[in-house]
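S.K.: Sharing model-v1.cif here; it has mmCIF, C-alpha atoms.
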```cif
data_structure
loop_
_atom_site.label_atom_id
_atom_site.label_comp_id
_atom_site.auth_asym_id
_atom_site.auth_seq_id
_atom_site.Cartn_x
_atom_site.Cartn_y
_atom_site.Cartn_z
CA MET P 96 -24.70 -47.26 -54.53
CA SER P 97 -23.09 -46.03 -51.42
CA ILE P 98 -24.54 -43.14 -49.54
CA LEU P 99 -22.27 -40.19 -49.02
CA THR P 100 -22.17 -39.23 -45.36
CA ILE P 101 -20.83 -36.03 -44.01
CA ASP P 102 -19.72 -36.13 -40.41
CA GLU P 103 -19.82 -33.15 -38.13
CA PRO P 104 -16.31 -31.72 -37.76
CA ARG P 105 -14.70 -32.83 -34.57
CA ARG P 106 -13.81 -30.00 -32.27
CA ARG P 107 -10.50 -30.30 -30.63
CA PRO P 108 -10.70 -29.65 -26.93
CA ALA P 109 -9.24 -26.32 -25.96
CA PRO P 110 -5.78 -26.77 -24.54
CA GLN P 111 -5.70 -26.61 -20.80
CA ALA P 112 -3.96 -23.47 -19.64
CA GLY P 113 -1.10 -24.28 -17.31
CA PHE P 114 -0.76 -22.78 -13.88
CA GLY P 115 1.63 -20.10 -15.12
CA GLN P 116 -0.83 -19.01 -17.81
CA TRP P 117 -3.68 -18.19 -15.45
CA PRO P 118 -4.88 -14.59 -15.87
CA LEU P 119 -3.98 -13.98 -12.22
CA TRP P 120 -0.28 -14.16 -13.11
CA ARG P 121 -0.35 -11.87 -16.16
CA LEU P 122 0.80 -8.68 -14.42
CA GLY P 123 1.96 -7.78 -10.93
CA PHE P 124 -1.09 -5.89 -9.74
CA ARG P 125 -3.33 -8.93 -10.07
CA PRO P 126 -2.05 -11.29 -7.35
CA PHE P 127 -0.58 -8.66 -5.06
CA TYR P 128 -3.65 -6.40 -4.94
CA LEU P 129 -5.89 -9.36 -4.21
CA LEU P 130 -3.58 -10.90 -1.61
CA ALA P 131 -3.04 -7.54 0.08
CA ALA P 132 -6.78 -6.81 0.31
CA VAL P 133 -7.64 -10.23 1.73
CA PHE P 134 -4.74 -10.08 4.17
CA ALA P 135 -5.61 -6.52 5.25
CA ALA P 136 -9.13 -7.62 6.12
CA LEU P 137 -8.13 -10.86 7.85
CA GLY P 138 -5.12 -9.34 9.61
CA ILE P 139 -7.05 -6.54 11.28
CA ALA P 140 -9.96 -8.86 12.09
CA LEU P 141 -7.48 -11.18 13.78
CA TRP P 142 -5.91 -8.26 15.65
CA ILE P 143 -9.29 -7.02 16.94
CA VAL P 144 -10.16 -10.49 18.19
CA ARG P 145 -6.75 -10.83 19.80
CA LEU P 146 -7.13 -7.47 21.57
CA HIS P 147 -10.22 -8.86 23.27
CA GLY P 148 -8.27 -11.88 24.50
CA LEU P 149 -10.04 -14.41 22.32
CA LEU P 150 -6.94 -15.94 20.69
CA PRO P 151 -4.58 -17.01 23.48
CA ALA P 152 -3.28 -19.86 21.30
CA LEU P 153 -1.56 -17.48 18.87
CA PRO P 154 1.30 -15.90 20.85
CA ASN P 155 2.84 -14.39 17.70
CA VAL P 156 -0.20 -12.12 17.28
CA ASN P 157 0.93 -9.18 19.37
CA VAL P 158 1.43 -5.47 18.84
CA PHE P 159 4.73 -6.05 17.01
CA TRP P 160 3.10 -8.54 14.65
CA HIS P 161 0.28 -6.05 13.99
CA MET P 162 2.66 -3.18 13.21
CA HIS P 163 4.97 -5.29 11.08
CA GLU P 164 2.35 -7.07 9.04
CA MET P 165 0.34 -4.01 8.05
CA VAL P 166 3.50 -2.35 6.71
CA PHE P 167 5.88 -5.11 5.59
CA GLY P 168 3.02 -7.45 4.71
CA MET P 169 0.03 -5.58 3.30
CA ALA P 170 1.55 -2.27 2.18
CA ILE P 171 4.65 -3.84 0.63
CA ALA P 172 2.47 -6.21 -1.44
CA VAL P 173 0.56 -3.27 -2.90
CA ILE P 174 3.75 -1.30 -3.57
CA VAL P 175 5.35 -4.23 -5.39
CA GLY P 176 2.19 -4.91 -7.40
CA PHE P 177 1.93 -1.24 -8.36
CA LEU P 178 5.61 -0.91 -9.30
CA TYR P 179 5.56 -4.07 -11.42
CA THR P 180 2.55 -2.71 -13.29
CA ALA P 181 3.95 0.82 -13.60
CA GLY P 182 7.36 -0.59 -14.58
CA ARG P 183 5.75 -2.35 -17.53
CA ASN P 184 4.27 0.99 -18.65
CA TRP P 185 7.46 2.98 -18.02
CA THR P 186 9.75 0.68 -19.97
CA GLY P 187 7.65 -1.42 -22.35
CA LEU P 188 9.40 -4.47 -20.89
CA TRP P 189 7.74 -7.24 -18.97
CA THR P 190 8.11 -7.26 -15.23
CA PRO P 191 7.67 -10.68 -13.56
CA ARG P 192 4.70 -12.67 -14.83
CA GLY P 193 3.64 -16.27 -15.13
CA THR P 194 5.37 -18.74 -12.85
CA HIS P 195 7.93 -16.12 -11.76
CA LEU P 196 5.18 -13.84 -10.51
CA ALA P 197 3.39 -16.80 -8.90
CA ALA P 198 6.60 -17.78 -7.08
CA LEU P 199 7.02 -14.24 -5.73
CA ALA P 200 3.42 -14.18 -4.56
CA GLY P 201 3.99 -17.55 -2.90
CA LEU P 202 7.10 -16.23 -1.17
CA TRP P 203 5.14 -13.24 0.14
CA LEU P 204 2.39 -15.58 1.39
CA ALA P 205 4.96 -17.84 3.04
CA GLY P 206 6.23 -14.80 4.92
CA ARG P 207 2.75 -14.06 6.26
CA VAL P 208 2.27 -17.65 7.43
CA ALA P 209 5.73 -17.70 9.01
CA MET P 210 5.13 -14.44 10.87
CA LEU P 211 1.90 -15.89 12.23
CA LEU P 212 3.02 -19.38 13.20
CA ALA P 213 6.79 -19.91 12.99
CA PRO P 214 9.50 -19.30 15.60
CA PRO P 215 11.02 -15.80 15.32
CA ALA P 216 14.28 -16.84 13.63
CA LEU P 217 12.54 -18.88 10.95
CA ALA P 218 9.91 -16.20 10.46
CA ALA P 219 12.66 -13.62 9.95
CA ALA P 220 14.47 -15.75 7.37
CA VAL P 221 11.33 -16.33 5.30
CA ASP P 222 10.01 -12.78 5.59
CA LEU P 223 13.32 -11.09 4.78
CA ALA P 224 13.65 -13.00 1.50
CA PHE P 225 10.73 -11.28 -0.20
CA LEU P 226 11.83 -7.68 -0.70
CA PRO P 227 15.22 -8.46 -2.30
CA ALA P 228 13.61 -11.12 -4.49
CA ALA P 229 10.92 -8.65 -5.58
CA ALA P 230 13.22 -5.64 -6.08
CA TRP P 231 15.84 -7.41 -8.22
CA PRO P 232 13.69 -8.07 -11.33
CA LEU P 233 12.32 -4.52 -11.19
CA TYR P 234 15.90 -3.21 -11.07
CA ARG P 235 16.83 -5.35 -14.08
CA VAL P 236 13.88 -4.03 -16.11
CA LEU P 237 14.70 -0.40 -15.30
CA GLN P 238 18.38 -1.03 -16.04
CA ARG P 239 17.71 -2.66 -19.40
CA ALA P 240 15.43 0.21 -20.41
CA GLY P 241 17.89 2.86 -19.23
CA ASN P 242 15.14 4.24 -17.00
CA ARG P 243 17.26 6.16 -14.50
CA ARG P 244 14.40 8.43 -13.48
CA ASN P 245 12.79 5.66 -11.43
CA MET P 246 15.91 3.99 -10.03
CA PHE P 247 15.39 5.85 -6.75
CA LEU P 248 12.50 3.44 -6.12
CA ILE P 249 14.97 0.56 -5.98
CA VAL P 250 16.92 2.52 -3.36
CA LEU P 251 13.73 3.04 -1.33
CA LEU P 252 12.86 -0.66 -1.58
CA GLY P 253 16.38 -1.37 -0.32
CA LEU P 254 15.83 0.97 2.63
CA LEU P 255 12.56 -0.82 3.39
CA ALA P 256 14.45 -4.13 3.36
CA LEU P 257 16.99 -2.68 5.81
CA ALA P 258 14.20 -1.43 8.08
CA ASN P 259 12.67 -4.90 7.99
CA ALA P 260 16.03 -6.44 8.87
CA ALA P 261 16.37 -3.98 11.77
CA PHE P 262 12.90 -4.98 13.02
CA HIS P 263 13.73 -8.69 13.00
CA ALA P 264 17.13 -8.08 14.60
CA ALA P 265 15.42 -6.17 17.40
CA ARG P 266 12.87 -8.95 17.93
CA LEU P 267 15.72 -11.47 18.11
CA GLY P 268 17.56 -9.32 20.66
CA VAL P 269 20.37 -8.32 18.32
CA GLY P 270 21.81 -4.81 18.12
CA GLY P 271 19.73 -3.10 20.78
CA ILE P 272 17.38 -1.59 18.17
CA ASP P 273 13.82 -0.55 19.01
CA PRO P 274 11.48 -2.60 16.76
CA VAL P 275 8.87 0.16 16.89
CA ARG P 276 11.41 2.66 15.57
CA ALA P 277 12.19 0.30 12.68
CA VAL P 278 8.51 0.12 11.71
CA HIS P 279 8.19 3.90 12.03
CA ALA P 280 11.15 4.28 9.66
CA ALA P 281 9.44 2.01 7.15
CA ILE P 282 6.19 3.99 7.39
CA LEU P 283 8.05 7.22 6.72
CA ILE P 284 9.80 5.67 3.72
CA VAL P 285 6.38 4.71 2.38
CA VAL P 286 5.29 8.33 2.90
CA VAL P 287 8.24 9.44 0.75
CA ILE P 288 7.10 6.99 -1.96
CA GLU P 289 3.54 8.33 -1.70
CA SER P 290 4.82 11.90 -1.98
CA VAL P 291 6.76 11.16 -5.15
CA ILE P 292 4.21 8.96 -6.92
CA GLY P 293 1.25 11.02 -5.71
CA GLY P 294 2.82 14.20 -7.03
CA ARG P 295 3.28 12.56 -10.41
CA VAL P 296 -0.16 11.05 -10.89
CA ILE P 297 -2.78 12.90 -8.82
CA PRO P 298 -2.53 16.26 -10.65
CA GLY P 299 -2.53 14.46 -14.01
CA PHE P 300 -5.52 12.31 -13.13
CA THR P 301 -7.35 15.45 -12.00
CA ALA P 302 -6.60 17.45 -15.14
CA ASN P 303 -7.64 14.56 -17.39
CA ALA P 304 -10.89 13.72 -15.61
CA VAL P 305 -12.28 17.09 -14.56
CA PRO P 306 -12.72 19.58 -17.42
CA GLY P 307 -11.51 23.07 -16.61
CA THR P 308 -9.09 22.11 -13.86
CA HIS P 309 -5.52 23.29 -14.01
CA PRO P 310 -3.60 21.69 -11.12
CA VAL P 311 -0.48 23.63 -10.25
CA VAL P 312 2.69 21.55 -10.34
CA GLU P 313 5.96 23.30 -9.52
CA ARG P 314 9.01 21.08 -9.57
CA ARG P 315 11.00 23.19 -7.14
CA ARG P 316 8.18 23.25 -4.59
CA ASP P 317 7.63 19.52 -5.02
CA ARG P 318 11.30 18.78 -4.43
CA ILE P 319 11.33 20.90 -1.30
CA ALA P 320 8.23 19.13 0.05
CA ILE P 321 9.70 15.67 -0.60
CA ALA P 322 13.09 16.66 0.82
CA LEU P 323 11.44 17.94 4.00
CA VAL P 324 9.56 14.66 4.42
CA ALA P 325 12.82 12.74 4.00
CA LEU P 326 14.62 14.98 6.51
CA ALA P 327 11.79 14.65 9.04
CA ALA P 328 11.93 10.87 8.57
CA VAL P 329 15.67 10.80 9.24
CA ALA P 330 15.29 13.08 12.28
CA TRP P 331 12.56 10.94 13.85
CA THR P 332 14.28 7.64 13.09
CA ALA P 333 17.63 8.87 14.40
CA GLY P 334 16.06 10.26 17.57
CA LEU P 335 17.34 13.79 17.01
CA PRO P 336 16.36 16.48 19.55
CA GLY P 337 12.61 17.10 19.74
CA PRO P 338 12.63 20.76 18.62
CA MET P 339 14.67 19.91 15.52
CA THR P 340 12.46 16.97 14.56
CA ALA P 341 9.31 18.99 15.27
CA SER P 342 10.49 21.85 13.08
CA LEU P 343 11.24 19.55 10.18
CA ALA P 344 8.01 17.58 10.54
CA PHE P 345 5.88 20.73 10.82
CA ALA P 346 7.60 22.30 7.81
CA ALA P 347 7.08 19.09 5.83
CA GLY P 348 3.39 19.01 6.77
CA CYS P 349 2.92 22.63 5.71
CA ALA P 350 4.77 22.02 2.44
CA GLN P 351 2.55 19.05 1.66
CA ALA P 352 -0.57 21.09 2.43
CA VAL P 353 0.57 23.89 0.10
CA ARG P 354 1.38 21.35 -2.59
CA LEU P 355 -2.06 19.75 -2.30
CA ALA P 356 -3.83 23.11 -2.36
CA GLY P 357 -2.45 23.70 -5.84
CA TRP P 358 -4.08 20.52 -7.15
CA GLN P 359 -7.62 22.00 -6.90
CA SER P 360 -9.01 19.22 -4.72
CA TRP P 361 -12.42 20.90 -4.37
CA ARG P 362 -13.02 20.30 -8.08
CA THR P 363 -12.96 16.50 -7.58
CA LEU P 364 -15.94 16.13 -5.24
CA GLY P 365 -18.12 14.64 -7.97
CA ASN P 366 -15.57 11.97 -8.87
CA PRO P 367 -14.93 9.37 -6.15
CA LEU P 368 -11.93 7.90 -8.00
CA LEU P 369 -10.28 11.31 -7.60
CA TRP P 370 -11.43 12.68 -4.26
CA ILE P 371 -10.21 9.59 -2.44
CA LEU P 372 -6.68 10.31 -3.70
CA HIS P 373 -6.82 14.00 -2.71
CA LEU P 374 -8.34 13.31 0.70
CA SER P 375 -5.90 10.51 1.46
CA TYR P 376 -2.97 12.68 0.42
CA ALA P 377 -4.18 15.36 2.85
CA TRP P 378 -3.61 12.88 5.68
CA ILE P 379 0.14 13.11 4.99
CA ALA P 380 0.07 16.76 6.08
CA VAL P 381 -2.07 15.89 9.11
CA GLY P 382 0.22 13.03 10.12
CA LEU P 383 3.35 15.14 9.82
CA VAL P 384 1.89 17.93 11.96
CA LEU P 385 0.90 15.33 14.56
CA LEU P 386 4.46 13.94 14.35
CA ALA P 387 5.76 17.43 15.14
CA ALA P 388 3.47 17.50 18.18
CA ALA P 389 4.69 14.05 19.24
CA SER P 390 8.31 15.22 18.95
CA LEU P 391 7.55 17.91 21.52
CA GLY P 392 5.62 15.57 23.82
CA LEU P 393 2.31 17.27 23.03
CA ALA P 394 0.71 14.13 21.59
CA GLY P 395 1.45 10.45 21.34
CA SER P 396 3.25 9.14 18.28
CA SER P 397 0.44 6.62 17.75
CA ALA P 398 -1.89 9.35 16.52
CA ALA P 399 0.68 10.58 14.01
CA PHE P 400 1.54 7.16 12.63
CA HIS P 401 -2.07 6.02 12.41
CA ALA P 402 -2.89 9.21 10.49
CA LEU P 403 -0.07 8.27 8.11
CA THR P 404 -1.03 4.60 7.86
CA VAL P 405 -4.81 4.37 8.07
CA GLY P 406 -5.58 7.82 6.67
CA SER P 407 -2.88 8.28 4.05
CA MET P 408 -1.39 4.88 3.28
CA ALA P 409 -4.57 2.80 3.39
CA GLY P 410 -6.61 5.57 1.76
CA LEU P 411 -4.19 5.90 -1.14
CA ILE P 412 -3.95 2.12 -1.39
CA VAL P 413 -7.70 1.69 -1.71
CA GLY P 414 -7.87 4.57 -4.18
CA MET P 415 -5.05 3.27 -6.35
CA ILE P 416 -5.91 -0.44 -6.29
CA THR P 417 -9.41 0.36 -7.51
CA ARG P 418 -8.34 2.84 -10.17
CA THR P 419 -5.41 0.85 -11.57
CA ALA P 420 -7.32 -2.43 -11.45
CA LEU P 421 -10.15 -0.90 -13.49
CA GLY P 422 -7.79 0.52 -16.08
CA HIS P 423 -5.53 -2.52 -16.38
CA THR P 424 -8.40 -4.97 -16.73
CA GLY P 425 -9.85 -2.97 -19.63
CA ARG P 426 -12.69 -1.32 -17.74
CA MET P 427 -13.85 2.28 -17.75
CA LEU P 428 -12.45 4.54 -15.04
CA ARG P 429 -15.84 4.98 -13.51
CA SER P 430 -16.96 4.24 -9.96
CA GLY P 431 -20.04 2.26 -9.13
CA ARG P 432 -21.66 1.84 -5.72
CA ALA P 433 -18.89 -0.24 -4.19
CA GLU P 434 -16.03 2.22 -4.67
CA PRO P 435 -17.48 5.17 -2.69
CA ALA P 436 -18.44 2.72 0.06
CA MET P 437 -14.83 1.47 0.29
CA TYR P 438 -13.51 5.01 0.35
CA VAL P 439 -15.92 6.31 2.99
CA LEU P 440 -15.33 3.29 5.19
CA ILE P 441 -11.54 3.67 5.16
CA GLN P 442 -11.77 7.40 5.86
CA ILE P 443 -14.20 6.92 8.76
CA GLY P 444 -11.85 4.26 10.08
CA ALA P 445 -8.95 6.71 9.87
CA VAL P 446 -10.76 9.45 11.79
CA LEU P 447 -11.86 7.01 14.49
CA ARG P 448 -8.39 5.47 14.81
CA VAL P 449 -6.70 8.84 15.25
CA LEU P 450 -9.33 9.90 17.80
CA ALA P 451 -8.73 6.71 19.77
CA ALA P 452 -4.98 7.36 19.70
CA LEU P 453 -5.38 10.96 20.86
CA ALA P 454 -7.43 9.89 23.88
CA PRO P 455 -6.31 6.32 24.67
CA ALA P 456 -7.45 6.49 28.30
CA ALA P 457 -10.98 7.69 27.55
CA SER P 458 -13.86 5.37 28.35
CA TRP P 459 -14.99 5.38 24.75
CA SER P 460 -11.58 4.75 23.14
CA ALA P 461 -11.85 0.94 23.13
CA ALA P 462 -15.20 1.02 21.35
CA VAL P 463 -13.95 3.61 18.87
CA LEU P 464 -10.84 1.53 18.23
CA ALA P 465 -12.94 -1.56 17.50
CA LEU P 466 -15.28 0.38 15.23
CA SER P 467 -12.29 1.75 13.33
CA GLY P 468 -11.08 -1.79 12.74
CA VAL P 469 -14.52 -2.88 11.54
CA CYS P 470 -14.51 -0.04 8.98
CA TRP P 471 -11.06 -1.10 7.76
CA VAL P 472 -12.06 -4.76 7.46
CA ALA P 473 -15.29 -3.89 5.62
CA SER P 474 -13.46 -1.66 3.14
CA PHE P 475 -10.83 -4.22 2.14
CA LEU P 476 -13.25 -7.13 2.24
CA LEU P 477 -15.56 -5.25 -0.13
CA TYR P 478 -12.62 -4.72 -2.47
CA ALA P 479 -11.76 -8.42 -2.43
CA VAL P 480 -15.36 -9.44 -3.17
CA VAL P 481 -15.96 -6.91 -5.96
CA TYR P 482 -12.53 -6.80 -7.57
CA GLY P 483 -11.47 -10.41 -7.05
CA PRO P 484 -13.23 -11.55 -10.26
CA TYR P 485 -11.63 -8.66 -12.18
CA LEU P 486 -8.19 -9.72 -11.02
CA TRP P 487 -8.34 -13.45 -11.63
CA ARG P 488 -10.07 -13.18 -15.03
CA ALA P 489 -8.57 -12.03 -18.32
CA ARG P 490 -8.88 -8.41 -19.48
CA ILE P 491 -12.28 -7.75 -21.01
CA ASP P 492 -10.70 -6.01 -24.01
CA GLY P 493 -8.54 -9.01 -24.89
CA ARG P 494 -5.24 -7.22 -24.40
CA GLU P 495 -2.29 -8.60 -22.51
CA GLY P 496 -1.77 -7.77 -18.85
#
```
What would you get if you wrote out this structure as structure tokens?

M.R.:
Amino acid sequence: MSILTIDEPRRRPAPQAGFGQWPLWRLGFRPFYLLAAVFAALGIALWIVRLHGLLPALPNVNVFWHMHEMVFGMAIAVIVGFLYTAGRNWTGLWTPRGTHLAALAGLWLAGRVAMLLAPPALAAAVDLAFLPAAAWPLYRVLQRAGNRRNMFLIVLLGLLALANAAFHAARLGVGGIDPVRAVHAAILIVVVIESVIGGRVIPGFTANAVPGTHPVVERRRDRIAIALVALAAVAWTAGLPGPMTASLAFAAGCAQAVRLAGWQSWRTLGNPLLWILHLSYAWIAVGLVLLAAASLGLAGSSAAFHALTVGSMAGLIVGMITRTALGHTGRMLRSGRAEPAMYVLIQIGAVLRVLAALAPAASWSAAVLALSGVCWVASFLLYAVVYGPYLWRARIDGREG
């Protein structure tokens, strides 16, 4: 009589996920937030070392590289990652993901390597390819969904691409354009984007998270504030007479301050995910007032643009890449110990950087400048360490994205 044997069922090995199926490529915020944070930390660390004369073998690392890469490298990566993620929410359609998203991230990374190591003409060709390649699929998604409300963002991305082209033309000696003016134009375009997006989300976040708050949002006042920022940007970029530019910049700063006052910022002090957005937005008003002073020769433009970049741009970036990464990886919108540390570090860095710009000849300015850079590097490095695993792993709630 034969003995009946029952074998253990054979488990089929789980199929190997291809490169395009990695969680990192599931939505735009994932690769671009991570790449931007790592690059922000490494880029400023490299710049600090270069300022002390310790990298003579990297001639491309100069003040123009520093200005360009923090705007057209780091900030643009965050903007694209944010807009791809927001575009998915706005339309219900998929923005680039999988191998398409990986290819775009690779193109962005190639631009950073080229700007660091390649001859200027080659670096320009590689770097200039990214913004059009990134903007086109976002345009197609908005077009297919009939989402006209956000089409202005495609226009602003186009203006950023033109500013980038003007920068590279200036560095190649074409057109007699000032490369610094091109970067300033890009920064002011980013400020316009911050003004629009910030006005949409910050009051809503505040009302939803802090019981009893009633942020004041007036469309007419908001439009005036944004229009004044745009006019001040045009005046500065075009080199219009100082009194005219100063008037527009000062009016824009005051309008932004009034706008922010209506959002009840003082009610957010117990919520780090909120106060970082309010505090960083306040730097827009500070930067615009300093720009008015620079237009009249009362202060250097460096103080104004570092208030707008380190204080406002980097502050809002750190605030948004933490908040949106938590939400879009299925986590609670709740800060731990790392988030307040990132926020405080970037804000200390902003204060120190503006102080160093206001008194560049002072004996202490070099030390303050270095300390500001250390705060910046620590903030973004902390983000990369804490949030990296969130970004390259699947959502904890099992949903797509």

S.K.: I'd like the residues picked by the PyMOL selection byres ((chain P and resi 420) around 8) written out as a list in words, using the chain letters and numbers from the file.

M.R.: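 Answer for the PyMOL selection byres ((chain P and resi 420) around 8): Phe124, Arg125, Met415, Ile416, Thr417, Arg418, Thr419, Leu421, Gly422, His423, Thr424, Tyr482, Tyr485 and Leu486 of chain P.
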
S.K.: Kindly indicate which residue among P:Gly168, P:Trp189, P:Ala280, P:Pro367 lies nearest to Phe225 of chain P, using all atoms listed in the file for the distances.

M.R.: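 So, comparing all the options, the nearest one is P:Gly168.
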
S.K.: Could you expand the PyMOL selection byres ((chain P and resi 215) around 12) into the explicit residues it covers here, written as a list in words?

M.R.: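 On this input, the PyMOL selection byres ((chain P and resi 215) around 12) captures Pro154, Asn155, Val156, Phe159, Trp160, Gly206, Val208, Ala209, Met210, Leu211, Leu212, Ala213, Pro214, Ala216, Leu217, Ala218, Ala219, Ala220, Val221, Asp222, Leu223, Phe262, His263, Ala264, Ala265, Arg266, Leu267 and Gly268 of chain P.
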
S.K.: Can you work out the spacing between atom CA of Thr180 of chain P and atom CA of Gln442 of chain P in Å, to one decimal?

M.R.: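 Spanning atom CA of Thr180 of chain P to atom CA of Gln442 of chain P is a straight-line distance of 26.0 Å.
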
S.K.: Could you tell me how far atom CA of Val158 of chain P sits from atom CA of Ile379 of chain P, in Å to one decimal place?

M.R.: 23.2 Å

S.K.: Between segment 364-454 of chain P and segment 469-473 of chain P, at 8 Å or less, what are the per-residue closest atom pairs and their distances in Å? Count all atoms listed in the file, order by chain and rising residue number, and return it as CSV.

M.R.:
```
residue,atom,partner,partner_atom,distance
P:Met437,CA,P:Ala473,CA,7.6
P:Leu440,CA,P:Cys470,CA,5.1
P:Ile441,CA,P:Trp471,CA,5.5
P:Ile443,CA,P:Cys470,CA,7.0
P:Gly444,CA,P:Cys470,CA,5.2
```

S.K.: Just write the chosen residues, C-alpha atoms, as a PDB file, in the frame of the given file.

M.R.:
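So part_2.pdb came out as:
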```pdb
ATOM      1  CA  MET P 437     -14.830   1.470   0.290  1.00  0.00           C
ATOM      2  CA  LEU P 440     -15.330   3.290   5.190  1.00  0.00           C
ATOM      3  CA  ILE P 441     -11.540   3.670   5.160  1.00  0.00           C
ATOM      4  CA  ILE P 443     -14.200   6.920   8.760  1.00  0.00           C
ATOM      5  CA  GLY P 444     -11.850   4.260  10.080  1.00  0.00           C
TER       6      GLY P 444
END
```

S.K.: Taking only residues of segment 231-329 of chain P that have an atom at most 12 Å from an atom of segment 185-188 of chain P, what is each one's shortest atom pair and its distance in Å to one decimal, using all atoms listed in the file, in chain and number order, as JSON lines?

M.R.:
```
{"residue": "P:Pro232", "atom": "CA", "partner": "P:Leu188", "partner_atom": "CA", "distance": 11.1}
{"residue": "P:Leu233", "atom": "CA", "partner": "P:Leu188", "partner_atom": "CA", "distance": 10.1}
{"residue": "P:Tyr234", "atom": "CA", "partner": "P:Thr186", "partner_atom": "CA", "distance": 11.5}
{"residue": "P:Arg235", "atom": "CA", "partner": "P:Leu188", "partner_atom": "CA", "distance": 10.1}
{"residue": "P:Val236", "atom": "CA", "partner": "P:Leu188", "partner_atom": "CA", "distance": 6.6}
{"residue": "P:Leu237", "atom": "CA", "partner": "P:Thr186", "partner_atom": "CA", "distance": 6.9}
{"residue": "P:Gln238", "atom": "CA", "partner": "P:Thr186", "partner_atom": "CA", "distance": 9.6}
{"residue": "P:Arg239", "atom": "CA", "partner": "P:Leu188", "partner_atom": "CA", "distance": 8.6}
{"residue": "P:Ala240", "atom": "CA", "partner": "P:Thr186", "partner_atom": "CA", "distance": 5.7}
{"residue": "P:Gly241", "atom": "CA", "partner": "P:Thr186", "partner_atom": "CA", "distance": 8.5}
{"residue": "P:Asn242", "atom": "CA", "partner": "P:Thr186", "partner_atom": "CA", "distance": 7.1}
{"residue": "P:Arg243", "atom": "CA", "partner": "P:Thr186", "partner_atom": "CA", "distance": 10.8}
{"residue": "P:Arg244", "atom": "CA", "partner": "P:Trp185", "partner_atom": "CA", "distance": 9.9}
{"residue": "P:Asn245", "atom": "CA", "partner": "P:Trp185", "partner_atom": "CA", "distance": 8.9}
{"residue": "P:Met246", "atom": "CA", "partner": "P:Trp185", "partner_atom": "CA", "distance": 11.7}
```

S.K.: Which residue out of P:Ala462, P:Val413, P:Trp231, P:Ala320 has the minimum interatomic distance to Ala131 of chain P when only C-alpha atoms are used?

M.R.: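 Closest to Ala131 of chain P of all the choices is P:Val413.
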
S.K.: Would you please work out which residue, of P:Asn157, P:Phe247, P:Ala347, P:Gly410, is nearest to Trp142 of chain P when using only C-alpha atoms?

M.R.: P:Asn157

S.K.: Starting from the point (5.9, -12.1, -7.4), work out which residues of protein, DNA or RNA have an atom no more than 12 Å away when counting only C-alpha atoms; state them as an MDAnalysis selection string.

M.R.: chainID P and resid 115 119:128 130 171:180 190:205 224:233

S.K.: Measuring atom to atom with only C-alpha atoms, identify which of P:Val286, P:Ala260, P:Cys349, P:Ala181 is nearest to Arg316 of chain P.

M.R.: P:Cys349
